[in-house]
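Just below is one structure, and these are the notes that go with it.
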Amino acid sequence: MNTLERLAATIEARKSADPDSSWTARLLAAGPEKAAEKFGEEAIEAIIEATKGDRERLTSEAADVLYHLLVMLAARDVSLADVLAELERREGRSGIDEKAGR
């Protein structure tokens, strides 16, 4: 199990945790809209750091983006495995061809 899989499993387990003791549980308890909002905030912060060129800050913000993406997915019962399966389905196809097929 890799780091993202372990993180996704931890997030899944926190669905039943006390929101007063877990940030993840608090985000999930606030609903999918709040999880999406937090993901968006973190994505914007990553974009800002990418334009500044600060590698260390971008790395940190990218980690926040991945975490919040997994929380947002969990809030809608979409698993990391679901996303990985979709990526695998697309593997080897041109992005231009894949997008045209939607």
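Each chain of the structure tokens is named A, B, ... in the order shown, its residues numbered from 1; ligands are numbered from 1 in display order.
Residues in contact with range 2-8 of chain A at up to 9 Å, not including ones fewer than 5 positions away on its chain and judged by only C-alpha atoms, are A:Ala13, A:Leu66, A:Tyr67, A:Leu70, A:Val71, A:Ala74, A:Ser79, A:Leu80, A:Ala81.
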Return as number ranges by chain the full set of residues in range 4-95 of chain A whose backbone-based DSSP assignment is helix (DSSP H, G or I).
A: 4-16, 23-29, 32-52, 55-75, 80-90, 95
Would you write out those residues with C-alpha atoms, as a PDB file, in the first residue's frame?
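Heads up, here's the output in again_21.pdb:
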ATOM      1  CA  LEU A   4      -1.908   7.857  -1.120  1.00  0.00           C
ATOM      2  CA  GLU A   5      -3.673   4.558  -0.494  1.00  0.00           C
ATOM      3  CA  ARG A   6      -2.880   4.762   3.221  1.00  0.00           C
ATOM      4  CA  LEU A   7      -4.097   8.353   3.336  1.00  0.00           C
ATOM      5  CA  ALA A   8      -7.319   7.421   1.521  1.00  0.00           C
ATOM      6  CA  ALA A   9      -7.876   4.564   3.996  1.00  0.00           C
ATOM      7  CA  THR A  10      -7.314   6.911   6.936  1.00  0.00           C
ATOM      8  CA  ILE A  11      -9.788   9.425   5.491  1.00  0.00           C
ATOM      9  CA  GLU A  12     -12.340   6.648   5.007  1.00  0.00           C
ATOM     10  CA  ALA A  13     -11.870   5.551   8.623  1.00  0.00           C
ATOM     11  CA  ARG A  14     -12.345   9.127   9.844  1.00  0.00           C
ATOM     12  CA  LYS A  15     -15.877   9.218   8.424  1.00  0.00           C
ATOM     13  CA  SER A  16     -16.998   7.716  11.729  1.00  0.00           C
ATOM     14  CA  TRP A  23      -9.905  17.688  11.133  1.00  0.00           C
ATOM     15  CA  THR A  24     -10.829  15.111   8.512  1.00  0.00           C
ATOM     16  CA  ALA A  25     -13.956  14.088  10.407  1.00  0.00           C
ATOM     17  CA  ARG A  26     -14.859  17.764  10.796  1.00  0.00           C
ATOM     18  CA  LEU A  27     -14.533  18.383   7.048  1.00  0.00           C
ATOM     19  CA  LEU A  28     -16.581  15.302   6.219  1.00  0.00           C
ATOM     20  CA  ALA A  29     -19.257  16.228   8.777  1.00  0.00           C
ATOM     21  CA  PRO A  32     -19.442  17.583   0.389  1.00  0.00           C
ATOM     22  CA  GLU A  33     -19.817  21.272  -0.412  1.00  0.00           C
ATOM     23  CA  LYS A  34     -17.408  22.275   2.363  1.00  0.00           C
ATOM     24  CA  ALA A  35     -14.939  19.586   1.283  1.00  0.00           C
ATOM     25  CA  ALA A  36     -15.110  20.921  -2.280  1.00  0.00           C
ATOM     26  CA  GLU A  37     -14.632  24.482  -1.055  1.00  0.00           C
ATOM     27  CA  LYS A  38     -11.513  23.500   0.899  1.00  0.00           C
ATOM     28  CA  PHE A  39     -10.150  21.613  -2.117  1.00  0.00           C
ATOM     29  CA  GLY A  40     -10.648  24.727  -4.240  1.00  0.00           C
ATOM     30  CA  GLU A  41      -8.881  26.931  -1.708  1.00  0.00           C
ATOM     31  CA  GLU A  42      -5.919  24.587  -1.581  1.00  0.00           C
ATOM     32  CA  ALA A  43      -5.768  24.327  -5.385  1.00  0.00           C
ATOM     33  CA  ILE A  44      -5.613  28.123  -5.646  1.00  0.00           C
ATOM     34  CA  GLU A  45      -2.832  28.225  -3.063  1.00  0.00           C
ATOM     35  CA  ALA A  46      -0.896  25.639  -5.105  1.00  0.00           C
ATOM     36  CA  ILE A  47      -1.387  27.699  -8.264  1.00  0.00           C
ATOM     37  CA  ILE A  48      -0.044  30.792  -6.503  1.00  0.00           C
ATOM     38  CA  GLU A  49       3.046  28.919  -5.319  1.00  0.00           C
ATOM     39  CA  ALA A  50       3.582  27.445  -8.794  1.00  0.00           C
ATOM     40  CA  THR A  51       3.669  30.939 -10.289  1.00  0.00           C
ATOM     41  CA  LYS A  52       6.108  32.139  -7.615  1.00  0.00           C
ATOM     42  CA  ARG A  55       9.618  24.596  -4.941  1.00  0.00           C
ATOM     43  CA  GLU A  56       9.315  23.906  -1.209  1.00  0.00           C
ATOM     44  CA  ARG A  57       6.059  25.848  -0.814  1.00  0.00           C
ATOM     45  CA  LEU A  58       4.622  24.288  -3.977  1.00  0.00           C
ATOM     46  CA  THR A  59       5.456  20.826  -2.642  1.00  0.00           C
ATOM     47  CA  SER A  60       3.669  21.614   0.611  1.00  0.00           C
ATOM     48  CA  GLU A  61       0.624  23.047  -1.133  1.00  0.00           C
ATOM     49  CA  ALA A  62       0.507  20.091  -3.552  1.00  0.00           C
ATOM     50  CA  ALA A  63       0.351  17.751  -0.550  1.00  0.00           C
ATOM     51  CA  ASP A  64      -2.556  19.814   0.797  1.00  0.00           C
ATOM     52  CA  VAL A  65      -4.292  19.569  -2.597  1.00  0.00           C
ATOM     53  CA  LEU A  66      -3.949  15.778  -2.669  1.00  0.00           C
ATOM     54  CA  TYR A  67      -5.260  15.442   0.883  1.00  0.00           C
ATOM     55  CA  HIS A  68      -8.236  17.710   0.246  1.00  0.00           C
ATOM     56  CA  LEU A  69      -8.962  15.986  -3.077  1.00  0.00           C
ATOM     57  CA  LEU A  70      -9.183  12.655  -1.254  1.00  0.00           C
ATOM     58  CA  VAL A  71     -11.470  14.193   1.388  1.00  0.00           C
ATOM     59  CA  MET A  72     -13.700  15.661  -1.309  1.00  0.00           C
ATOM     60  CA  LEU A  73     -13.885  12.310  -3.072  1.00  0.00           C
ATOM     61  CA  ALA A  74     -14.669  10.513   0.202  1.00  0.00           C
ATOM     62  CA  ALA A  75     -17.447  13.020   0.906  1.00  0.00           C
ATOM     63  CA  LEU A  80      -9.082   6.467  -4.829  1.00  0.00           C
ATOM     64  CA  ALA A  81      -9.386   3.064  -6.513  1.00  0.00           C
ATOM     65  CA  ASP A  82     -12.203   4.469  -8.684  1.00  0.00           C
ATOM     66  CA  VAL A  83     -10.019   7.367  -9.786  1.00  0.00           C
ATOM     67  CA  LEU A  84      -7.010   5.129 -10.406  1.00  0.00           C
ATOM     68  CA  ALA A  85      -9.171   2.793 -12.500  1.00  0.00           C
ATOM     69  CA  GLU A  86     -10.285   5.752 -14.608  1.00  0.00           C
ATOM     70  CA  LEU A  87      -6.682   6.840 -15.088  1.00  0.00           C
ATOM     71  CA  GLU A  88      -5.747   3.304 -16.061  1.00  0.00           C
ATOM     72  CA  ARG A  89      -8.606   3.239 -18.573  1.00  0.00           C
ATOM     73  CA  ARG A  90      -7.204   6.401 -20.145  1.00  0.00           C
ATOM     74  CA  GLY A  95      -5.235  13.441 -24.224  1.00  0.00           C
TER      75      GLY A  95
END
Mind pulling up the distance from CA of Asp77 in chain A to CA of Ser22 in chain A?
18.8 Å
d(CA of Ser94 in chain A, CA of Met1 in chain A) in Å:
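Going from CA of Ser94 in chain A over to CA of Met1 in chain A, I get 28.8 Å.
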Which of these, A:Gly92, A:Gly53, A:Ala17, A:Arg76, has the shortest distance to Gly31 in chain A once you count only C-alpha atoms?
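Among the listed residues, A:Arg76 lies closest to Gly31 in chain A.
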